>>> print(open('structure-v6.cif').read())   # mmCIF, C-alpha atoms and all ligand atoms
data_upload
#
loop_
_atom_site.group_PDB
_atom_site.id
_atom_site.type_symbol
_atom_site.label_atom_id
_atom_site.label_comp_id
_atom_site.auth_asym_id
_atom_site.auth_seq_id
_atom_site.Cartn_x
_atom_site.Cartn_y
_atom_site.Cartn_z
ATOM 1 C CA MET Q 1 4.781 21.228 37.338
ATOM 2 C CA THR Q 2 6.460 18.690 35.088
ATOM 3 C CA GLY Q 3 5.781 18.669 31.349
ATOM 4 C CA GLY Q 4 7.365 18.269 27.952
ATOM 5 C CA ALA Q 5 8.382 21.464 26.208
ATOM 6 C CA VAL Q 6 10.289 22.790 23.228
ATOM 7 C CA GLY Q 7 12.511 25.789 23.819
ATOM 8 C CA ARG Q 8 15.240 27.861 22.228
ATOM 9 C CA VAL Q 9 18.727 28.049 23.719
ATOM 10 C CA VAL Q 10 19.503 31.675 24.605
ATOM 11 C CA GLN Q 11 22.926 31.106 26.112
ATOM 12 C CA SER Q 12 25.158 28.033 26.351
ATOM 13 C CA ARG Q 13 28.420 26.900 27.864
ATOM 14 C CA ASN Q 14 27.714 23.327 26.763
ATOM 15 C CA LYS Q 15 29.542 22.265 23.583
ATOM 16 C CA ARG Q 16 26.563 20.241 22.346
ATOM 17 C CA TYR Q 17 24.202 23.228 22.237
ATOM 18 C CA ARG Q 18 24.566 26.581 20.563
ATOM 19 C CA GLU Q 19 22.592 29.753 20.984
ATOM 20 C CA GLY Q 20 19.506 29.532 18.775
ATOM 21 C CA ASP Q 21 19.268 25.721 18.851
ATOM 22 C CA PHE Q 22 15.819 24.314 19.498
ATOM 23 C CA VAL Q 23 15.664 21.623 22.159
ATOM 24 C CA HIS Q 24 13.050 19.317 23.582
ATOM 25 C CA GLY Q 25 12.923 17.914 27.082
ATOM 26 C CA VAL Q 26 10.857 17.582 30.216
ATOM 27 C CA LEU Q 27 11.446 21.246 30.945
ATOM 28 C CA GLY Q 28 8.399 21.919 33.098
ATOM 29 C CA TRP Q 29 5.749 24.626 33.111
ATOM 30 C CA GLN Q 30 8.067 27.624 33.078
ATOM 31 C CA GLU Q 31 9.336 30.228 30.661
ATOM 32 C CA TRP Q 32 13.059 29.935 31.369
ATOM 33 C CA VAL Q 33 15.100 26.868 32.265
ATOM 34 C CA VAL Q 34 18.676 26.343 33.426
ATOM 35 C CA SER Q 35 19.890 22.931 32.273
ATOM 36 C CA ASP Q 36 23.121 20.951 32.379
ATOM 37 C CA GLY Q 37 22.083 19.412 29.057
ATOM 38 C CA ARG Q 38 21.017 16.049 30.449
ATOM 39 C CA GLY Q 39 17.700 14.816 29.056
ATOM 40 C CA LEU Q 40 17.675 17.430 26.281
ATOM 41 C CA HIS Q 41 17.347 16.514 22.609
ATOM 42 C CA LYS Q 42 17.898 18.796 19.652
ATOM 43 C CA VAL Q 43 14.828 19.511 17.557
ATOM 44 C CA ASP Q 44 15.421 19.631 13.813
ATOM 45 C CA PRO Q 45 13.236 22.499 12.501
ATOM 46 C CA LYS Q 46 13.603 21.045 8.987
ATOM 47 C CA LEU Q 47 11.425 18.069 9.982
ATOM 48 C CA GLY Q 48 8.420 20.333 10.611
ATOM 49 C CA PRO Q 49 7.252 23.252 12.765
ATOM 50 C CA ILE Q 50 8.963 22.991 16.172
ATOM 51 C CA SER Q 51 5.596 22.410 17.872
ATOM 52 C CA THR Q 52 5.394 19.013 16.134
ATOM 53 C CA ALA Q 53 8.216 17.811 18.407
ATOM 54 C CA LEU Q 54 5.543 17.752 21.123
ATOM 55 C CA GLY Q 55 2.914 16.026 19.011
ATOM 56 C CA VAL Q 56 2.985 14.078 15.785
ATOM 57 C CA LEU Q 57 6.804 14.032 15.644
ATOM 58 C CA GLY Q 58 7.246 13.678 19.403
ATOM 59 C CA MET Q 59 6.161 11.544 22.310
ATOM 60 C CA PRO Q 60 2.461 11.206 21.310
ATOM 61 C CA GLY Q 61 3.305 10.214 17.714
ATOM 62 C CA LEU Q 62 5.879 7.699 18.924
ATOM 63 C CA THR Q 63 3.363 6.276 21.392
ATOM 64 C CA ALA Q 64 0.930 5.645 18.546
ATOM 65 C CA TYR Q 65 3.686 4.153 16.366
ATOM 66 C CA PHE Q 66 5.162 1.673 18.841
ATOM 67 C CA GLY Q 67 1.843 0.874 20.477
ATOM 68 C CA LEU Q 68 0.305 -0.158 17.173
ATOM 69 C CA PHE Q 69 3.209 -1.716 15.319
ATOM 70 C CA GLU Q 70 5.081 -3.356 18.208
ATOM 71 C CA VAL Q 71 2.522 -4.067 20.935
ATOM 72 C CA GLY Q 72 -0.534 -4.340 18.681
ATOM 73 C CA GLU Q 73 1.377 -6.167 15.899
ATOM 74 C CA ILE Q 74 -1.111 -4.873 13.324
ATOM 75 C CA LYS Q 75 -1.146 -6.347 9.829
ATOM 76 C CA ALA Q 76 -2.751 -5.204 6.573
ATOM 77 C CA GLY Q 77 -6.383 -6.232 6.301
ATOM 78 C CA GLU Q 78 -6.983 -6.263 10.057
ATOM 79 C CA THR Q 79 -9.603 -4.250 11.939
ATOM 80 C CA VAL Q 80 -8.410 -1.702 14.507
ATOM 81 C CA PHE Q 81 -10.520 0.155 17.070
ATOM 82 C CA ILE Q 82 -9.142 3.216 18.892
ATOM 83 C CA THR Q 83 -10.678 5.068 21.846
ATOM 84 C CA GLY Q 84 -9.732 8.718 22.419
ATOM 85 C CA ALA Q 85 -9.252 8.780 18.670
ATOM 86 C CA ALA Q 86 -9.323 12.564 18.138
ATOM 87 C CA GLY Q 87 -6.563 13.218 20.676
ATOM 88 C CA ALA Q 88 -2.812 13.598 20.275
ATOM 89 C CA VAL Q 89 -2.049 9.868 20.346
ATOM 90 C CA GLY Q 90 -5.327 8.504 18.994
ATOM 91 C CA SER Q 91 -5.535 10.719 15.896
ATOM 92 C CA ILE Q 92 -2.049 9.582 14.844
ATOM 93 C CA ALA Q 93 -2.736 5.938 15.729
ATOM 94 C CA GLY Q 94 -5.792 5.909 13.459
ATOM 95 C CA GLN Q 95 -3.852 7.257 10.499
ATOM 96 C CA LEU Q 96 -0.898 4.913 11.049
ATOM 97 C CA ALA Q 97 -3.288 1.969 11.058
ATOM 98 C CA ARG Q 98 -4.743 3.225 7.747
ATOM 99 C CA ILE Q 99 -1.221 3.586 6.305
ATOM 100 C CA ALA Q 100 -0.590 -0.036 7.377
ATOM 101 C CA GLY Q 101 -3.664 -1.118 5.374
ATOM 102 C CA CYS Q 102 -6.038 -1.740 8.279
ATOM 103 C CA ARG Q 103 -9.724 -0.920 8.572
ATOM 104 C CA VAL Q 104 -10.009 1.707 11.323
ATOM 105 C CA THR Q 105 -12.816 2.675 13.675
ATOM 106 C CA GLY Q 106 -12.427 5.318 16.358
ATOM 107 C CA SER Q 107 -14.481 6.909 19.095
ATOM 108 C CA ALA Q 108 -14.341 10.415 20.538
ATOM 109 C CA GLY Q 109 -16.520 12.859 22.436
ATOM 110 C CA SER Q 110 -18.004 15.378 19.976
ATOM 111 C CA ALA Q 111 -19.627 15.632 16.556
ATOM 112 C CA GLU Q 112 -16.828 17.936 15.365
ATOM 113 C CA LYS Q 113 -14.208 15.343 16.336
ATOM 114 C CA ILE Q 114 -16.108 12.571 14.548
ATOM 115 C CA ARG Q 115 -16.394 14.698 11.386
ATOM 116 C CA TRP Q 116 -12.632 15.353 11.418
ATOM 117 C CA MET Q 117 -11.797 11.674 11.896
ATOM 118 C CA ARG Q 118 -14.181 10.476 9.156
ATOM 119 C CA GLY Q 119 -13.267 13.313 6.802
ATOM 120 C CA GLU Q 120 -9.698 14.542 6.862
ATOM 121 C CA LEU Q 121 -8.162 11.617 8.754
ATOM 122 C CA GLY Q 122 -9.830 8.883 6.682
ATOM 123 C CA PHE Q 123 -11.206 6.687 9.477
ATOM 124 C CA ASP Q 124 -13.506 4.028 7.993
ATOM 125 C CA ALA Q 125 -16.016 4.476 10.822
ATOM 126 C CA ALA Q 126 -16.341 6.539 13.986
ATOM 127 C CA PHE Q 127 -18.847 7.139 16.766
ATOM 128 C CA ASP Q 128 -19.408 9.741 19.468
ATOM 129 C CA TYR Q 129 -19.226 7.838 22.754
ATOM 130 C CA LYS Q 130 -21.158 10.598 24.532
ATOM 131 C CA THR Q 131 -24.266 10.198 22.343
ATOM 132 C CA THR Q 132 -24.013 6.502 21.423
ATOM 133 C CA LEU Q 133 -26.158 4.398 23.721
ATOM 134 C CA ASP Q 134 -24.934 0.906 22.871
ATOM 135 C CA TYR Q 135 -21.164 0.634 22.260
ATOM 136 C CA ARG Q 136 -21.330 -3.069 21.444
ATOM 137 C CA ALA Q 137 -23.936 -2.476 18.756
ATOM 138 C CA ALA Q 138 -21.865 0.406 17.348
ATOM 139 C CA LEU Q 139 -18.793 -1.831 17.241
ATOM 140 C CA SER Q 140 -20.538 -4.764 15.661
ATOM 141 C CA GLU Q 141 -21.839 -2.463 12.918
ATOM 142 C CA ALA Q 142 -18.451 -0.769 12.380
ATOM 143 C CA CYS Q 143 -16.332 -3.918 12.782
ATOM 144 C CA PRO Q 144 -18.483 -6.817 11.531
ATOM 145 C CA ARG Q 145 -15.550 -9.268 11.606
ATOM 146 C CA GLY Q 146 -14.578 -8.291 15.129
ATOM 147 C CA VAL Q 147 -11.692 -6.170 16.424
ATOM 148 C CA ASP Q 148 -8.200 -7.555 15.764
ATOM 149 C CA CYS Q 149 -6.415 -4.755 17.599
ATOM 150 C CA PHE Q 150 -8.042 -2.588 20.249
ATOM 151 C CA PHE Q 151 -5.844 0.455 21.016
ATOM 152 C CA ASP Q 152 -7.215 1.775 24.301
ATOM 153 C CA ASN Q 153 -6.566 5.344 25.405
ATOM 154 C CA THR Q 154 -9.466 5.615 27.817
ATOM 155 C CA GLY Q 155 -10.651 2.499 29.653
ATOM 156 C CA GLY Q 156 -14.195 2.684 31.017
ATOM 157 C CA PRO Q 157 -17.385 1.316 29.455
ATOM 158 C CA GLN Q 158 -16.030 1.542 25.894
ATOM 159 C CA SER Q 159 -13.238 -0.846 26.841
ATOM 160 C CA ASP Q 160 -15.744 -3.360 28.144
ATOM 161 C CA ALA Q 161 -17.549 -3.277 24.807
ATOM 162 C CA ALA Q 162 -14.318 -3.552 22.831
ATOM 163 C CA ILE Q 163 -13.066 -6.538 24.839
ATOM 164 C CA LEU Q 164 -16.344 -8.286 24.120
ATOM 165 C CA SER Q 165 -15.928 -7.436 20.407
ATOM 166 C CA LEU Q 166 -12.469 -8.964 19.952
ATOM 167 C CA ALA Q 167 -11.762 -11.231 17.004
ATOM 168 C CA HIS Q 168 -9.881 -14.537 17.237
ATOM 169 C CA ARG Q 169 -6.307 -13.850 18.478
ATOM 170 C CA GLY Q 170 -7.201 -10.186 19.101
ATOM 171 C CA ARG Q 171 -4.763 -7.879 20.877
ATOM 172 C CA VAL Q 172 -5.640 -5.182 23.419
ATOM 173 C CA VAL Q 173 -3.036 -2.424 23.657
ATOM 174 C CA ILE Q 174 -3.347 -0.534 26.933
ATOM 175 C CA CYS Q 175 -1.984 2.907 26.098
ATOM 176 C CA GLY Q 176 -3.999 5.074 28.518
ATOM 177 C CA GLN Q 177 -6.914 4.901 30.952
ATOM 178 C CA ILE Q 178 -8.014 8.536 31.098
ATOM 179 C CA ALA Q 179 -11.562 7.593 32.145
ATOM 180 C CA HIS Q 180 -10.048 6.411 35.436
ATOM 181 C CA TYR Q 181 -7.420 9.087 36.150
ATOM 182 C CA ASN Q 182 -9.707 11.116 38.401
ATOM 183 C CA ALA Q 183 -11.494 8.131 39.938
ATOM 184 C CA GLU Q 184 -11.793 8.415 43.692
ATOM 185 C CA LYS Q 185 -12.469 4.712 44.051
ATOM 186 C CA LEU Q 186 -10.939 1.991 41.882
ATOM 187 C CA GLU Q 187 -13.367 -0.248 40.061
ATOM 188 C CA THR Q 188 -13.298 -3.912 40.919
ATOM 189 C CA GLY Q 189 -11.655 -5.832 38.169
ATOM 190 C CA PRO Q 190 -10.230 -7.074 35.894
ATOM 191 C CA ARG Q 191 -13.546 -7.922 34.297
ATOM 192 C CA LEU Q 192 -14.814 -9.591 31.146
ATOM 193 C CA LEU Q 193 -11.533 -11.425 30.725
ATOM 194 C CA PHE Q 194 -13.390 -14.645 29.953
ATOM 195 C CA ASN Q 195 -13.579 -13.322 26.407
ATOM 196 C CA LEU Q 196 -9.783 -13.404 26.215
ATOM 197 C CA ILE Q 197 -10.037 -17.160 26.749
ATOM 198 C CA ILE Q 198 -12.684 -17.648 24.100
ATOM 199 C CA ARG Q 199 -10.864 -15.412 21.599
ATOM 200 C CA ARG Q 200 -7.321 -16.560 22.561
ATOM 201 C CA ALA Q 201 -6.650 -12.844 22.923
ATOM 202 C CA ARG Q 202 -3.879 -10.917 24.630
ATOM 203 C CA ILE Q 203 -3.831 -7.697 26.671
ATOM 204 C CA GLU Q 204 -0.629 -5.684 27.152
ATOM 205 C CA GLY Q 205 0.316 -2.320 28.585
ATOM 206 C CA PHE Q 206 3.371 -0.377 27.458
ATOM 207 C CA LEU Q 207 5.283 2.857 27.970
ATOM 208 C CA VAL Q 208 6.645 4.685 24.950
ATOM 209 C CA LEU Q 209 10.016 5.144 26.700
ATOM 210 C CA ASP Q 210 10.587 1.389 26.351
ATOM 211 C CA TYR Q 211 11.376 2.065 22.684
ATOM 212 C CA ALA Q 212 13.716 5.059 23.124
ATOM 213 C CA ASP Q 213 16.577 3.385 21.239
ATOM 214 C CA ARG Q 214 14.385 3.302 18.108
ATOM 215 C CA PHE Q 215 12.842 6.793 18.290
ATOM 216 C CA ALA Q 216 15.090 8.311 15.605
ATOM 217 C CA GLN Q 217 14.236 5.602 13.079
ATOM 218 C CA ALA Q 218 10.483 5.917 13.767
ATOM 219 C CA LEU Q 219 10.573 9.730 13.598
ATOM 220 C CA ALA Q 220 12.333 9.658 10.230
ATOM 221 C CA ARG Q 221 9.542 7.447 8.825
ATOM 222 C CA MET Q 222 6.785 9.567 10.315
ATOM 223 C CA ALA Q 223 8.380 12.820 9.135
ATOM 224 C CA GLU Q 224 8.226 11.434 5.572
ATOM 225 C CA TRP Q 225 4.521 10.646 5.997
ATOM 226 C CA VAL Q 226 3.862 14.148 7.359
ATOM 227 C CA LYS Q 227 5.754 15.654 4.403
ATOM 228 C CA ASP Q 228 3.912 13.633 1.775
ATOM 229 C CA GLY Q 229 0.555 14.471 3.399
ATOM 230 C CA ARG Q 230 -0.352 10.937 4.449
ATOM 231 C CA LEU Q 231 -0.098 11.806 8.146
ATOM 232 C CA LYS Q 232 -2.113 14.856 9.190
ATOM 233 C CA TYR Q 233 -2.108 16.505 12.553
ATOM 234 C CA ARG Q 234 -3.956 19.163 14.441
ATOM 235 C CA GLU Q 235 -2.982 21.256 17.444
ATOM 236 C CA THR Q 236 -5.129 23.120 19.953
ATOM 237 C CA VAL Q 237 -3.025 26.081 21.040
ATOM 238 C CA VAL Q 238 -3.590 28.277 24.093
ATOM 239 C CA ASP Q 239 -1.442 31.380 24.570
ATOM 240 C CA GLY Q 240 0.333 32.328 27.798
ATOM 241 C CA ILE Q 241 1.763 30.231 30.597
ATOM 242 C CA GLU Q 242 -0.868 31.644 32.923
ATOM 243 C CA ASN Q 243 -3.422 29.690 30.876
ATOM 244 C CA ALA Q 244 -1.604 26.336 31.216
ATOM 245 C CA PRO Q 245 -3.715 25.056 34.138
ATOM 246 C CA ALA Q 246 -6.966 25.821 32.284
ATOM 247 C CA ALA Q 247 -5.585 24.159 29.137
ATOM 248 C CA PHE Q 248 -4.646 21.068 31.118
ATOM 249 C CA ILE Q 249 -8.093 20.811 32.712
ATOM 250 C CA GLY Q 250 -9.681 21.450 29.302
ATOM 251 C CA MET Q 251 -7.678 18.547 27.849
ATOM 252 C CA MET Q 252 -8.951 16.246 30.592
ATOM 253 C CA ARG Q 253 -12.485 17.349 29.653
ATOM 254 C CA GLY Q 254 -12.004 16.811 25.929
ATOM 255 C CA GLU Q 255 -11.795 20.447 24.821
ATOM 256 C CA ASN Q 256 -8.727 19.721 22.661
ATOM 257 C CA ILE Q 257 -8.633 18.340 19.133
ATOM 258 C CA GLY Q 258 -5.271 16.735 18.410
ATOM 259 C CA LYS Q 259 -2.406 17.841 20.650
ATOM 260 C CA GLN Q 260 -3.073 20.403 23.387
ATOM 261 C CA LEU Q 261 -0.247 22.949 23.470
ATOM 262 C CA VAL Q 262 0.526 26.090 25.447
ATOM 263 C CA ARG Q 263 2.497 28.712 23.530
ATOM 264 C CA ILE Q 264 4.680 30.839 25.795
ATOM 265 C CA ALA Q 265 6.671 32.720 23.162
ATOM 266 C CA PRO Q 266 6.444 33.336 19.422
ATOM 267 C CA GLU Q 267 8.218 30.668 17.345
HETATM 268 N N1 LIG K 301 1.580 4.483 27.319
HETATM 269 C C1 LIG K 301 2.261 5.571 27.030
HETATM 270 O O1 LIG K 301 3.481 5.566 26.907
HETATM 271 C C2 LIG K 301 1.503 6.851 26.825
HETATM 272 C C3 LIG K 301 2.114 7.980 26.260
HETATM 273 C C4 LIG K 301 1.340 9.135 26.035
HETATM 274 C C5 LIG K 301 0.007 9.170 26.420
HETATM 275 N N2 LIG K 301 -0.537 8.044 27.004
HETATM 276 C C6 LIG K 301 -1.968 8.030 27.369
HETATM 277 O O2 LIG K 301 -2.683 8.030 26.151
HETATM 278 C C7 LIG K 301 -3.941 8.671 26.334
HETATM 279 C C8 LIG K 301 -4.102 9.788 25.299
HETATM 280 O O3 LIG K 301 -3.148 10.794 25.589
HETATM 281 P P1 LIG K 301 -3.104 12.116 24.705
HETATM 282 O O4 LIG K 301 -1.938 12.893 25.147
HETATM 283 O O5 LIG K 301 -3.256 11.734 23.276
HETATM 284 O O6 LIG K 301 -4.410 12.873 25.215
HETATM 285 P P2 LIG K 301 -5.572 13.425 24.292
HETATM 286 O O7 LIG K 301 -6.280 12.226 23.718
HETATM 287 O O8 LIG K 301 -5.044 14.451 23.378
HETATM 288 O O9 LIG K 301 -6.516 14.160 25.357
HETATM 289 C C9 LIG K 301 -7.260 13.431 26.255
HETATM 290 C C10 LIG K 301 -8.658 13.106 25.664
HETATM 291 O O10 LIG K 301 -9.269 12.099 26.460
HETATM 292 C C11 LIG K 301 -10.662 12.154 26.238
HETATM 293 N N3 LIG K 301 -11.348 11.814 27.501
HETATM 294 C C12 LIG K 301 -11.356 12.499 28.668
HETATM 295 N N4 LIG K 301 -12.103 11.855 29.602
HETATM 296 C C13 LIG K 301 -12.581 10.739 28.990
HETATM 297 C C14 LIG K 301 -13.422 9.662 29.409
HETATM 298 N N5 LIG K 301 -13.924 9.603 30.657
HETATM 299 N N6 LIG K 301 -13.728 8.680 28.535
HETATM 300 C C15 LIG K 301 -13.228 8.729 27.262
HETATM 301 N N7 LIG K 301 -12.417 9.706 26.797
HETATM 302 C C16 LIG K 301 -12.103 10.700 27.650
HETATM 303 C C17 LIG K 301 -10.991 13.600 25.800
HETATM 304 O O11 LIG K 301 -11.528 13.567 24.472
HETATM 305 P P3 LIG K 301 -13.079 13.239 24.172
HETATM 306 O O12 LIG K 301 -13.704 14.493 23.673
HETATM 307 O O13 LIG K 301 -12.995 12.186 23.109
HETATM 308 O O14 LIG K 301 -13.700 12.765 25.452
HETATM 309 C C18 LIG K 301 -9.610 14.274 25.732
HETATM 310 O O15 LIG K 301 -9.468 15.120 24.623
HETATM 311 C C19 LIG K 301 -3.969 9.192 27.772
HETATM 312 O O16 LIG K 301 -4.681 8.264 28.559
HETATM 313 C C20 LIG K 301 -2.499 9.218 28.143
HETATM 314 O O17 LIG K 301 -2.313 9.065 29.523
HETATM 315 C C21 LIG K 301 0.171 6.913 27.199
#
>>> encode(input="structure-v6.cif", output="structure tokens")
Amino acid sequence: MTGGAVGRVVQSRNKRYREGDFVHGVLGWQEWVVSDGRGLHKVDPKLGPISTALGVLGMPGLTAYFGLFEVGEIKAGETVFITGAAGAVGSIAGQLARIAGCRVTGSAGSAEKIRWMRGELGFDAAFDYKTTLDYRAALSEACPRGVDCFFDNTGGPQSDAAILSLAHRGRVVICGQIAHYNAEKLETGPRLLFNLIIRRARIEGFLVLDYADRFAQALARMAEWVKDGRLKYRETVVDGIENAPAAFIGMMRGENIGKQLVRIAPE
């Protein structure tokens, strides 16, 4: 099973890596890996706990960063709406938008998640999409001037409401579509795109890997924000590789807050 992991080098004949180095890579769901060094990156433990290389200071954090700043082109004073906002990507995206001076609304699937977003993370508004009946009404209350940037992690009915809530020259950033990943039948679509005409809006998908040549620069900035407390993160940690499948299924069901991790050895 493929998957990102952080590990410690126990033996090396490669000049770039020494015993004891921490490395990150797509190392798979396993406890030991033999590697020729390709696709590995050193993890600097001075930047933060090594687990952060899988979350806030790793792929999810970078996804939030480039999705918002590059694809979403957010500017101070704008209104941002984020679905999946208590997850690994969404929780960072919300805080980055706040750091950029935007007004931020997010949605997620439990009261505990909403409390965390409104409290510790500083979202201006948030709603539980599982108990909210009318997403458009919730958005018009939370974003009275419309949504300038809609950062979509989920797709589904919330996306419909957000597209209809766009402001003039709004941008829709398609980061993820988790509401559709297990769909047995694809929905007919695209739908509601008439509102892109009226709002002169734009919709764009992206993959974080497109920005690989700028990862180091982005990570240095985000590490500063983590250090000075402006960027907070949370991890949901399950112990033991035998529990990885359950953790993965739990993540699909929303049991995680922040980044879902599986710990297979003490740090
Ligand atoms: N474009 C890229 O390069 C890139 C990179 C990384 C990740 N992604 C995508 O970004 C999204 C977030 O990834 P992540 O790693 O940060 O995951 P995550 O948000 O930490 O975990 C997934 C969350 O999705 C929510 N969810 C599950 N089913 C849902 C549904 N039907 N409707 C609404 N929400 C639902 C659950 O939270 P609730 O309790 O809120 O339901 C769950 O916690 C995923 O779609 C992922 O594929 C894209």
>>> residues_near_ligand(input="structure-v6.cif", ligand="ligand LIG 301 (chain K)", cutoff="8 Å", atoms="all atoms listed in the file", output="PDB file with C-alpha atoms, in the frame of the given file")
ATOM      1  CA  MET Q  59       6.161  11.544  22.310  1.00  0.00           C
ATOM      2  CA  PRO Q  60       2.461  11.206  21.310  1.00  0.00           C
ATOM      3  CA  THR Q  63       3.363   6.276  21.392  1.00  0.00           C
ATOM      4  CA  GLY Q  67       1.843   0.874  20.477  1.00  0.00           C
ATOM      5  CA  THR Q  83     -10.678   5.068  21.846  1.00  0.00           C
ATOM      6  CA  GLY Q  84      -9.732   8.718  22.419  1.00  0.00           C
ATOM      7  CA  ALA Q  85      -9.252   8.780  18.670  1.00  0.00           C
ATOM      8  CA  ALA Q  86      -9.323  12.564  18.138  1.00  0.00           C
ATOM      9  CA  GLY Q  87      -6.563  13.218  20.676  1.00  0.00           C
ATOM     10  CA  ALA Q  88      -2.812  13.598  20.275  1.00  0.00           C
ATOM     11  CA  VAL Q  89      -2.049   9.868  20.346  1.00  0.00           C
ATOM     12  CA  GLY Q  90      -5.327   8.504  18.994  1.00  0.00           C
ATOM     13  CA  SER Q  91      -5.535  10.719  15.896  1.00  0.00           C
ATOM     14  CA  SER Q 107     -14.481   6.909  19.095  1.00  0.00           C
ATOM     15  CA  ALA Q 108     -14.341  10.415  20.538  1.00  0.00           C
ATOM     16  CA  GLY Q 109     -16.520  12.859  22.436  1.00  0.00           C
ATOM     17  CA  SER Q 110     -18.004  15.378  19.976  1.00  0.00           C
ATOM     18  CA  LYS Q 113     -14.208  15.343  16.336  1.00  0.00           C
ATOM     19  CA  ASP Q 128     -19.408   9.741  19.468  1.00  0.00           C
ATOM     20  CA  TYR Q 129     -19.226   7.838  22.754  1.00  0.00           C
ATOM     21  CA  LYS Q 130     -21.158  10.598  24.532  1.00  0.00           C
ATOM     22  CA  ASP Q 152      -7.215   1.775  24.301  1.00  0.00           C
ATOM     23  CA  ASN Q 153      -6.566   5.344  25.405  1.00  0.00           C
ATOM     24  CA  THR Q 154      -9.466   5.615  27.817  1.00  0.00           C
ATOM     25  CA  GLY Q 155     -10.651   2.499  29.653  1.00  0.00           C
ATOM     26  CA  GLY Q 156     -14.195   2.684  31.017  1.00  0.00           C
ATOM     27  CA  GLN Q 158     -16.030   1.542  25.894  1.00  0.00           C
ATOM     28  CA  ILE Q 174      -3.347  -0.534  26.933  1.00  0.00           C
ATOM     29  CA  CYS Q 175      -1.984   2.907  26.098  1.00  0.00           C
ATOM     30  CA  GLY Q 176      -3.999   5.074  28.518  1.00  0.00           C
ATOM     31  CA  GLN Q 177      -6.914   4.901  30.952  1.00  0.00           C
ATOM     32  CA  ILE Q 178      -8.014   8.536  31.098  1.00  0.00           C
ATOM     33  CA  ALA Q 179     -11.562   7.593  32.145  1.00  0.00           C
ATOM     34  CA  HIS Q 180     -10.048   6.411  35.436  1.00  0.00           C
ATOM     35  CA  GLY Q 205       0.316  -2.320  28.585  1.00  0.00           C
ATOM     36  CA  PHE Q 206       3.371  -0.377  27.458  1.00  0.00           C
ATOM     37  CA  LEU Q 207       5.283   2.857  27.970  1.00  0.00           C
ATOM     38  CA  VAL Q 208       6.645   4.685  24.950  1.00  0.00           C
ATOM     39  CA  LEU Q 209      10.016   5.144  26.700  1.00  0.00           C
ATOM     40  CA  GLY Q 250      -9.681  21.450  29.302  1.00  0.00           C
ATOM     41  CA  MET Q 251      -7.678  18.547  27.849  1.00  0.00           C
ATOM     42  CA  MET Q 252      -8.951  16.246  30.592  1.00  0.00           C
ATOM     43  CA  ARG Q 253     -12.485  17.349  29.653  1.00  0.00           C
ATOM     44  CA  GLY Q 254     -12.004  16.811  25.929  1.00  0.00           C
ATOM     45  CA  GLU Q 255     -11.795  20.447  24.821  1.00  0.00           C
ATOM     46  CA  ASN Q 256      -8.727  19.721  22.661  1.00  0.00           C
ATOM     47  CA  ILE Q 257      -8.633  18.340  19.133  1.00  0.00           C
ATOM     48  CA  GLY Q 258      -5.271  16.735  18.410  1.00  0.00           C
ATOM     49  CA  LYS Q 259      -2.406  17.841  20.650  1.00  0.00           C
ATOM     50  CA  GLN Q 260      -3.073  20.403  23.387  1.00  0.00           C
TER      51      GLN Q 260
END
>>> resolve_selection(input="structure-v6.cif", expression="the PyMOL selection byres (((chain Q and resi 126) around 8) and not hetatm)", output="number ranges by chain")
Q: 105-108, 114, 117-118, 123-125, 127-128, 142
>>> atom_distance(input="structure-v6.cif", atom1="CA of Ile264 (chain Q)", atom2="CA of Gly240 (chain Q)")
5.0 Å
>>> atom_distance(input="structure-v6.cif", atom1="CA of Phe150 (chain Q)", atom2="CA of Ile82 (chain Q)")
6.1 Å
>>> residues_around(input="structure-v6.cif", residues="Glu31 (chain Q)", least_positions_apart="6", cutoff="9 Å", atoms="all atoms listed in the file", output="list in words")
Gly7, Ile241, Ile264 and Ala265 of chain Q
>>> write_last_selection(input="structure-v6.cif", atoms="C-alpha atoms", output="PDB file, in the frame of the given file")
ATOM      1  CA  GLY Q   7      12.511  25.789  23.819  1.00  0.00           C
ATOM      2  CA  ILE Q 241       1.763  30.231  30.597  1.00  0.00           C
ATOM      3  CA  ILE Q 264       4.680  30.839  25.795  1.00  0.00           C
ATOM      4  CA  ALA Q 265       6.671  32.720  23.162  1.00  0.00           C
TER       5      ALA Q 265
END
>>> axis_aligned_box(input="structure-v6.cif", around="region 178-184 of chain Q", padding_each_side="6 Å", output="JSON")
{"center_x": -9.6, "center_y": 8.8, "center_z": 37.4, "size_x": 16.4, "size_y": 16.7, "size_z": 24.6}
>>> resolve_selection(input="structure-v6.cif", expression="the PyMOL selection byres (((chain Q and resi 168) around 10) and not hetatm)", output="number ranges by chain")
Q: 145-148, 165-167, 169-171, 195-201
>>> atom_distance(input="structure-v6.cif", atom1="CA of Pro245 (chain Q)", atom2="CA of Asn182 (chain Q)")
15.8 Å
>>> resolve_selection(input="structure-v6.cif", expression="the PyMOL selection byres (((chain Q and resi 238) around 10) and not hetatm)", output="ChimeraX atom specification")
/Q:235-237,239-244,246-247,260-264
>>> closest_residue(input="structure-v6.cif", among="Q:Glu187, Q:Asp36, Q:Asp210, Q:Glu120", to="Gly94 (chain Q)", atoms="all atoms listed in the file")
Q:Glu120
